[in-house]
Amino acid sequence: MVTIRGRAKINLTLDVLGLRDDGYHEIATVMQSLALADTLTLTREESGIALTVDMPGLETDERNLAWRAAALVIEHCGIRGGVRIDIVKRIPVAAGLAGGSADAAAVLRGMNELYALRLSDAELCALGAQIGSDIPFSLMGGTVFATGRGENMKPLADFPKIHVVLAKPPVDVSTPWAYRAYDAHPPEQRPDNSAFLEALAAGDMTACMRLVGNVLEPVTERAHPIVGDYRSRMYAHGAACAMMSGSGPTVFGLFTEQESAAYTAEEFRRETGAAVYLTQTAGRYGV
Ligand code: C5P
């Protein structure tokens, strides 16, 4: 039996560079993993894939990325045997936090251990990329500059440990929808990735906070103005910066003081009734 965690992520920057022939978008993004995580327990079975999730309404068949990750490893490695996967879900779904990818990445690492497969990180990433663009990052964690579909990764100096308040508006956003809406009305304002990377390398956190930017934020916000409302509230509570993550709709606020993060989370819950999570940035797995 193997127990393994799959962490959530936020995008500190996200730019879309163009639409590719394969229907995906070329992106350039700084991704950051969080301590907020799902916990997965994998147990060997004679055959098949059995999946349980402690959150009602979530698919437990081939529509779930965790299931697909297990099927891919079984097929790729010719495993004679199956697996039971039990997921304790803490990362909100359809939120822009890569919760499904976190689970799939945990299954890839978990299967590697459970069946002593000795797949390298590069092999795991290649397998992960077959089923989801965010999975290679979810396998690695930490602070990464990702390009291509999101699968080409350049590890960066860890973003300093900082407190993160996540607030998920009561709407679900699908990633394909967000990219289609982006194509229909591409926003003019874009994040400056080079400036962000320079500021990060120089350890200039004040500049980093100013340079966060997500080209999908105005896209999702147009359909769901509540995103802008949540961002303003984060700033009103003293966040060093606040922005939507990924295709949304979750808005994160970064706080240098634990107390003000905790107070904000509490107030946010009281004011809006939103699903609010208090967490921290997290470094690379295994480092
Ligand atoms: O790779 P993943 O399955 O997470 O992507 C879900 C959908 O999001 C894709 O089918 C595509 O519509 C969109 N997407 C995209 N460009 C990316 C990543 C995702 O257009 N770089």
# chains A, B, ... in the order shown; residues from 1 in each chain; ligands from 1
>>> residues_around(residues="A:Met111", least_positions_apart="3", cutoff="8 Å", atoms="only C-alpha atoms", output="MDAnalysis selection string")
chainID A and resid 42 70 73 107:108 114:117
>>> write_last_selection(atoms="C-alpha atoms", output="CSV table (one decimal), in the first residue's frame")
chain,number,residue,atom,x,y,z
A,42,LEU,CA,-3.1,3.0,-3.6
A,70,ALA,CA,-3.6,4.3,-13.6
A,73,VAL,CA,0.7,3.0,-16.4
A,107,VAL,CA,-1.2,8.1,-9.1
A,108,LEU,CA,1.7,8.1,-11.6
A,114,LEU,CA,3.6,0.2,-5.7
A,115,TYR,CA,4.8,-1.9,-8.6
A,116,ALA,CA,8.5,-1.0,-8.3
A,117,LEU,CA,8.5,0.2,-11.9
>>> select_by_dssp(residues="stretch 47-96 of chain A", states="alpha helix (DSSP H)", output="PyMOL selection string")
chain A and resi 65-76
>>> write_last_selection(atoms="N, CA and C atoms", output="short mmCIF file (atom, residue, chain, number, x, y, z; two decimals), in the first residue's frame")
data_model
loop_
_atom_site.label_atom_id
_atom_site.label_comp_id
_atom_site.auth_asym_id
_atom_site.auth_seq_id
_atom_site.Cartn_x
_atom_site.Cartn_y
_atom_site.Cartn_z
N LEU A 65 -9.22 11.79 -14.11
CA LEU A 65 -7.81 11.76 -14.54
C LEU A 65 -6.98 10.76 -13.74
N ALA A 66 -7.33 10.55 -12.48
CA ALA A 66 -6.59 9.59 -11.64
C ALA A 66 -6.77 8.18 -12.21
N TRP A 67 -7.98 7.86 -12.61
CA TRP A 67 -8.28 6.55 -13.22
C TRP A 67 -7.47 6.41 -14.51
N ARG A 68 -7.48 7.47 -15.32
CA ARG A 68 -6.77 7.40 -16.61
C ARG A 68 -5.27 7.24 -16.40
N ALA A 69 -4.74 7.87 -15.37
CA ALA A 69 -3.30 7.75 -15.09
C ALA A 69 -2.96 6.31 -14.74
N ALA A 70 -3.81 5.67 -13.94
CA ALA A 70 -3.56 4.27 -13.56
C ALA A 70 -3.63 3.38 -14.80
N ALA A 71 -4.64 3.59 -15.63
CA ALA A 71 -4.80 2.76 -16.84
C ALA A 71 -3.60 2.92 -17.76
N LEU A 72 -3.10 4.14 -17.87
CA LEU A 72 -1.96 4.41 -18.75
C LEU A 72 -0.71 3.68 -18.27
N VAL A 73 -0.45 3.72 -16.96
CA VAL A 73 0.74 3.04 -16.42
C VAL A 73 0.60 1.52 -16.60
N ILE A 74 -0.59 0.99 -16.33
CA ILE A 74 -0.80 -0.46 -16.45
C ILE A 74 -0.52 -0.90 -17.89
N GLU A 75 -1.03 -0.10 -18.84
CA GLU A 75 -0.84 -0.47 -20.24
C GLU A 75 0.62 -0.26 -20.66
N HIS A 76 1.17 0.90 -20.32
CA HIS A 76 2.54 1.24 -20.75
C HIS A 76 3.55 0.24 -20.22
#
>>> residues_around(residues="A:Glu188", least_positions_apart="3", cutoff="10 Å", atoms="only C-alpha atoms", output="PDB file with C-alpha atoms, in the first residue's frame")
ATOM      1  CA  HIS A 185     -11.813  38.224 -27.303  1.00  0.00           C
ATOM      2  CA  VAL A 215      -4.335  36.772 -19.470  1.00  0.00           C
ATOM      3  CA  PRO A 218     -10.355  39.216 -17.783  1.00  0.00           C
TER       4      PRO A 218
END
>>> residues_near_ligand(ligand="ligand 1", cutoff="8 Å", atoms="only C-alpha atoms and all ligand atoms", output="list in words")
Val16, Leu19, Gly23, Tyr24, His25, Glu26, Ile27, Ser101, Ala129, Ile131, Gly132, Ser133, Asp134, Ile135, Gly148, Arg149, Gly150, Ser174, Thr175, Pro176, Trp177, Ala178, Tyr179 and Arg180 of chain A
>>> atom_distance(atom1="atom CA of A:Gly100", atom2="atom CA of A:Thr3")
16.9 Å
>>> select_by_dssp(residues="stretch 22-118 of chain A", states="strand (DSSP E)", output="ChimeraX atom specification")
/A:25-45,49-53,82-88
>>> atom_distance(atom1="atom CA of A:Asn152", atom2="atom CA of A:Met31")
11.9 Å
>>> residues_around(residues="A:Gly48", least_positions_apart="2", cutoff="7 Å", atoms="only C-alpha atoms", output="ChimeraX atom specification")
/A:50,82-83
>>> atom_distance(atom1="atom CA of A:Met205", atom2="atom CA of A:Thr147")
22.5 Å
>>> residues_around(residues="stretch 269-271 of chain A", least_positions_apart="4", cutoff="12 Å", atoms="only C-alpha atoms", output="mmCIF file with N, CA and C atoms, in the first residue's frame")
data_model
loop_
_atom_site.group_PDB
_atom_site.id
_atom_site.type_symbol
_atom_site.label_atom_id
_atom_site.label_comp_id
_atom_site.auth_asym_id
_atom_site.auth_seq_id
_atom_site.Cartn_x
_atom_site.Cartn_y
_atom_site.Cartn_z
ATOM 1 N N VAL A 165 -4.336 32.739 0.609
ATOM 2 C CA VAL A 165 -5.774 32.568 0.837
ATOM 3 C C VAL A 165 -6.408 32.300 -0.525
ATOM 4 N N LEU A 166 -7.157 31.202 -0.614
ATOM 5 C CA LEU A 166 -7.851 30.861 -1.860
ATOM 6 C C LEU A 166 -9.337 31.042 -1.628
ATOM 7 N N ALA A 167 -10.009 31.727 -2.537
ATOM 8 C CA ALA A 167 -11.459 31.871 -2.420
ATOM 9 C C ALA A 167 -12.086 31.454 -3.741
ATOM 10 N N LYS A 168 -12.939 30.442 -3.676
ATOM 11 C CA LYS A 168 -13.557 29.953 -4.921
ATOM 12 C C LYS A 168 -14.995 30.453 -5.024
ATOM 13 N N PRO A 169 -15.245 31.327 -6.016
ATOM 14 C CA PRO A 169 -16.621 31.764 -6.229
ATOM 15 C C PRO A 169 -17.511 30.546 -6.553
ATOM 16 N N ASP A 229 -14.788 41.019 -7.968
ATOM 17 C CA ASP A 229 -15.228 41.362 -6.615
ATOM 18 C C ASP A 229 -14.323 40.678 -5.578
ATOM 19 N N TYR A 230 -14.033 39.396 -5.807
ATOM 20 C CA TYR A 230 -13.175 38.664 -4.864
ATOM 21 C C TYR A 230 -11.760 39.247 -4.841
ATOM 22 N N ARG A 233 -11.744 42.388 -2.831
ATOM 23 C CA ARG A 233 -11.848 42.092 -1.394
ATOM 24 C C ARG A 233 -10.503 41.633 -0.820
ATOM 25 N N MET A 234 -9.783 40.825 -1.616
ATOM 26 C CA MET A 234 -8.455 40.368 -1.156
ATOM 27 C C MET A 234 -7.552 41.581 -0.909
ATOM 28 N N HIS A 237 -8.355 43.545 2.118
ATOM 29 C CA HIS A 237 -7.908 42.892 3.353
ATOM 30 C C HIS A 237 -6.389 42.929 3.497
ATOM 31 N N ALA A 262 -4.951 34.550 7.976
ATOM 32 C CA ALA A 262 -5.989 33.816 8.719
ATOM 33 C C ALA A 262 -7.209 34.712 8.931
ATOM 34 N N TYR A 263 -6.961 35.977 9.267
ATOM 35 C CA TYR A 263 -8.057 36.914 9.492
ATOM 36 C C TYR A 263 -8.852 37.119 8.189
ATOM 37 N N THR A 264 -8.119 37.276 7.089
ATOM 38 C CA THR A 264 -8.771 37.462 5.783
ATOM 39 C C THR A 264 -9.634 36.252 5.428
ATOM 40 N N ALA A 265 -9.086 35.057 5.639
ATOM 41 C CA ALA A 265 -9.847 33.838 5.312
ATOM 42 C C ALA A 265 -11.159 33.831 6.090
ATOM 43 N N ALA A 275 -16.220 29.323 -0.588
ATOM 44 C CA ALA A 275 -15.334 28.261 -0.117
ATOM 45 C C ALA A 275 -13.946 28.890 -0.013
ATOM 46 N N VAL A 276 -13.402 28.971 1.208
ATOM 47 C CA VAL A 276 -12.123 29.649 1.420
ATOM 48 C C VAL A 276 -11.119 28.675 2.027
ATOM 49 N N TYR A 277 -9.896 28.735 1.552
ATOM 50 C CA TYR A 277 -8.841 27.837 2.011
ATOM 51 C C TYR A 277 -7.630 28.668 2.395
ATOM 52 N N LEU A 278 -7.027 28.300 3.503
ATOM 53 C CA LEU A 278 -5.820 28.980 3.957
ATOM 54 C C LEU A 278 -4.663 28.001 3.800
#
>>> decode(residues="stretch 169-215 of chain A", atoms="N, CA and C atoms", output="mmCIF file, in the first residue's frame")
data_model
loop_
_atom_site.group_PDB
_atom_site.id
_atom_site.type_symbol
_atom_site.label_atom_id
_atom_site.label_comp_id
_atom_site.auth_asym_id
_atom_site.auth_seq_id
_atom_site.Cartn_x
_atom_site.Cartn_y
_atom_site.Cartn_z
ATOM 1 N N PRO A 169 -15.245 31.327 -6.016
ATOM 2 C CA PRO A 169 -16.621 31.764 -6.229
ATOM 3 C C PRO A 169 -17.511 30.546 -6.553
ATOM 4 N N PRO A 170 -18.798 30.654 -6.283
ATOM 5 C CA PRO A 170 -19.691 29.495 -6.479
ATOM 6 C C PRO A 170 -20.056 29.275 -7.948
ATOM 7 N N VAL A 171 -19.061 29.258 -8.835
ATOM 8 C CA VAL A 171 -19.282 28.932 -10.248
ATOM 9 C C VAL A 171 -18.160 27.983 -10.669
ATOM 10 N N ASP A 172 -18.467 27.097 -11.618
ATOM 11 C CA ASP A 172 -17.435 26.195 -12.137
ATOM 12 C C ASP A 172 -17.004 26.708 -13.504
ATOM 13 N N VAL A 173 -15.709 26.674 -13.763
ATOM 14 C CA VAL A 173 -15.203 27.118 -15.061
ATOM 15 C C VAL A 173 -14.490 25.951 -15.718
ATOM 16 N N SER A 174 -14.847 25.666 -16.972
ATOM 17 C CA SER A 174 -14.138 24.590 -17.666
ATOM 18 C C SER A 174 -12.998 25.206 -18.470
ATOM 19 N N THR A 175 -11.848 24.546 -18.441
ATOM 20 C CA THR A 175 -10.661 25.078 -19.122
ATOM 21 C C THR A 175 -10.899 25.257 -20.632
ATOM 22 N N PRO A 176 -11.468 24.251 -21.328
ATOM 23 C CA PRO A 176 -11.706 24.463 -22.771
ATOM 24 C C PRO A 176 -12.581 25.691 -23.033
ATOM 25 N N TRP A 177 -13.586 25.901 -22.198
ATOM 26 C CA TRP A 177 -14.440 27.092 -22.360
ATOM 27 C C TRP A 177 -13.605 28.372 -22.248
ATOM 28 N N ALA A 178 -12.738 28.437 -21.248
ATOM 29 C CA ALA A 178 -11.948 29.651 -21.013
ATOM 30 C C ALA A 178 -11.046 29.944 -22.214
ATOM 31 N N TYR A 179 -10.426 28.891 -22.774
ATOM 32 C CA TYR A 179 -9.548 29.116 -23.922
ATOM 33 C C TYR A 179 -10.351 29.552 -25.158
ATOM 34 N N ARG A 180 -11.558 28.982 -25.313
ATOM 35 C CA ARG A 180 -12.400 29.409 -26.447
ATOM 36 C C ARG A 180 -12.814 30.869 -26.280
ATOM 37 N N ALA A 181 -13.177 31.229 -25.056
ATOM 38 C CA ALA A 181 -13.586 32.616 -24.785
ATOM 39 C C ALA A 181 -12.395 33.554 -24.993
ATOM 40 N N TYR A 182 -11.203 33.085 -24.667
ATOM 41 C CA TYR A 182 -9.989 33.868 -24.910
ATOM 42 C C TYR A 182 -9.829 34.124 -26.416
ATOM 43 N N ASP A 183 -10.003 33.058 -27.233
ATOM 44 C CA ASP A 183 -9.841 33.204 -28.685
ATOM 45 C C ASP A 183 -10.836 34.213 -29.247
ATOM 46 N N ALA A 184 -12.046 34.225 -28.687
ATOM 47 C CA ALA A 184 -13.090 35.127 -29.183
ATOM 48 C C ALA A 184 -12.741 36.586 -28.877
ATOM 49 N N HIS A 185 -12.166 36.844 -27.710
ATOM 50 C CA HIS A 185 -11.813 38.224 -27.303
ATOM 51 C C HIS A 185 -10.479 38.220 -26.575
ATOM 52 N N PRO A 186 -9.361 38.117 -27.297
ATOM 53 C CA PRO A 186 -8.067 38.112 -26.580
ATOM 54 C C PRO A 186 -7.820 39.469 -25.913
ATOM 55 N N PRO A 187 -7.562 39.498 -24.611
ATOM 56 C CA PRO A 187 -7.319 40.762 -23.931
ATOM 57 C C PRO A 187 -5.999 41.382 -24.398
ATOM 58 N N GLU A 188 -5.902 42.714 -24.323
ATOM 59 C CA GLU A 188 -4.682 43.369 -24.776
ATOM 60 C C GLU A 188 -3.571 43.311 -23.741
ATOM 61 N N GLN A 189 -3.978 43.439 -22.479
ATOM 62 C CA GLN A 189 -2.953 43.487 -21.432
ATOM 63 C C GLN A 189 -2.417 42.079 -21.126
ATOM 64 N N ARG A 190 -1.086 41.943 -21.134
ATOM 65 C CA ARG A 190 -0.475 40.633 -20.919
ATOM 66 C C ARG A 190 0.554 40.721 -19.804
ATOM 67 N N PRO A 191 0.775 39.607 -19.112
ATOM 68 C CA PRO A 191 1.824 39.636 -18.090
ATOM 69 C C PRO A 191 3.204 39.703 -18.748
ATOM 70 N N ASP A 192 4.159 40.293 -18.052
ATOM 71 C CA ASP A 192 5.530 40.385 -18.545
ATOM 72 C C ASP A 192 6.344 39.271 -17.873
ATOM 73 N N ASN A 193 6.392 38.110 -18.549
ATOM 74 C CA ASN A 193 7.073 36.958 -17.957
ATOM 75 C C ASN A 193 8.560 37.215 -17.727
ATOM 76 N N SER A 194 9.218 37.889 -18.702
ATOM 77 C CA SER A 194 10.663 38.110 -18.541
ATOM 78 C C SER A 194 10.922 38.939 -17.298
ATOM 79 N N ALA A 195 10.120 39.995 -17.108
ATOM 80 C CA ALA A 195 10.329 40.858 -15.937
ATOM 81 C C ALA A 195 10.057 40.067 -14.655
ATOM 82 N N PHE A 196 9.038 39.208 -14.676
ATOM 83 C CA PHE A 196 8.736 38.417 -13.479
ATOM 84 C C PHE A 196 9.905 37.478 -13.157
ATOM 85 N N LEU A 197 10.432 36.810 -14.193
ATOM 86 C CA LEU A 197 11.528 35.856 -13.983
ATOM 87 C C LEU A 197 12.775 36.561 -13.461
ATOM 88 N N GLU A 198 13.023 37.753 -13.994
ATOM 89 C CA GLU A 198 14.173 38.539 -13.510
ATOM 90 C C GLU A 198 14.001 38.913 -12.047
ATOM 91 N N ALA A 199 12.804 39.370 -11.714
ATOM 92 C CA ALA A 199 12.528 39.785 -10.330
ATOM 93 C C ALA A 199 12.664 38.590 -9.387
ATOM 94 N N LEU A 200 12.187 37.432 -9.839
ATOM 95 C CA LEU A 200 12.270 36.225 -9.001
ATOM 96 C C LEU A 200 13.727 35.826 -8.788
ATOM 97 N N ALA A 201 14.518 35.862 -9.879
ATOM 98 C CA ALA A 201 15.935 35.495 -9.782
ATOM 99 C C ALA A 201 16.677 36.447 -8.852
ATOM 100 N N ALA A 202 16.257 37.734 -8.858
ATOM 101 C CA ALA A 202 16.918 38.727 -8.005
ATOM 102 C C ALA A 202 16.363 38.710 -6.583
ATOM 103 N N GLY A 203 15.352 37.875 -6.346
ATOM 104 C CA GLY A 203 14.743 37.801 -5.009
ATOM 105 C C GLY A 203 13.951 39.057 -4.661
ATOM 106 N N ASP A 204 13.538 39.799 -5.682
ATOM 107 C CA ASP A 204 12.787 41.043 -5.450
ATOM 108 C C ASP A 204 11.286 40.722 -5.387
ATOM 109 N N MET A 205 10.831 40.375 -4.180
ATOM 110 C CA MET A 205 9.453 39.930 -4.018
ATOM 111 C C MET A 205 8.451 41.053 -4.245
ATOM 112 N N THR A 206 8.855 42.283 -3.910
ATOM 113 C CA THR A 206 7.932 43.412 -4.129
ATOM 114 C C THR A 206 7.620 43.522 -5.618
ATOM 115 N N ALA A 207 8.670 43.391 -6.440
ATOM 116 C CA ALA A 207 8.449 43.456 -7.890
ATOM 117 C C ALA A 207 7.621 42.260 -8.360
ATOM 118 N N CYS A 208 7.912 41.067 -7.827
ATOM 119 C CA CYS A 208 7.136 39.874 -8.217
ATOM 120 C C CYS A 208 5.644 40.103 -7.970
ATOM 121 N N MET A 209 5.330 40.642 -6.802
ATOM 122 C CA MET A 209 3.920 40.860 -6.443
ATOM 123 C C MET A 209 3.247 41.799 -7.447
ATOM 124 N N ARG A 210 4.031 42.789 -7.904
ATOM 125 C CA ARG A 210 3.477 43.768 -8.848
ATOM 126 C C ARG A 210 3.326 43.139 -10.232
ATOM 127 N N LEU A 211 4.156 42.131 -10.537
ATOM 128 C CA LEU A 211 4.227 41.610 -11.904
ATOM 129 C C LEU A 211 3.365 40.368 -12.145
ATOM 130 N N VAL A 212 2.652 39.884 -11.106
ATOM 131 C CA VAL A 212 1.757 38.748 -11.366
ATOM 132 C C VAL A 212 0.746 39.190 -12.419
ATOM 133 N N GLY A 213 0.336 38.259 -13.265
ATOM 134 C CA GLY A 213 -0.630 38.615 -14.311
ATOM 135 C C GLY A 213 -1.127 37.359 -14.997
ATOM 136 N N ASN A 214 -2.403 37.361 -15.362
ATOM 137 C CA ASN A 214 -3.022 36.183 -15.966
ATOM 138 C C ASN A 214 -3.944 36.654 -17.080
ATOM 139 N N VAL A 215 -3.588 36.303 -18.304
ATOM 140 C CA VAL A 215 -4.335 36.772 -19.470
ATOM 141 C C VAL A 215 -5.748 36.162 -19.513
#
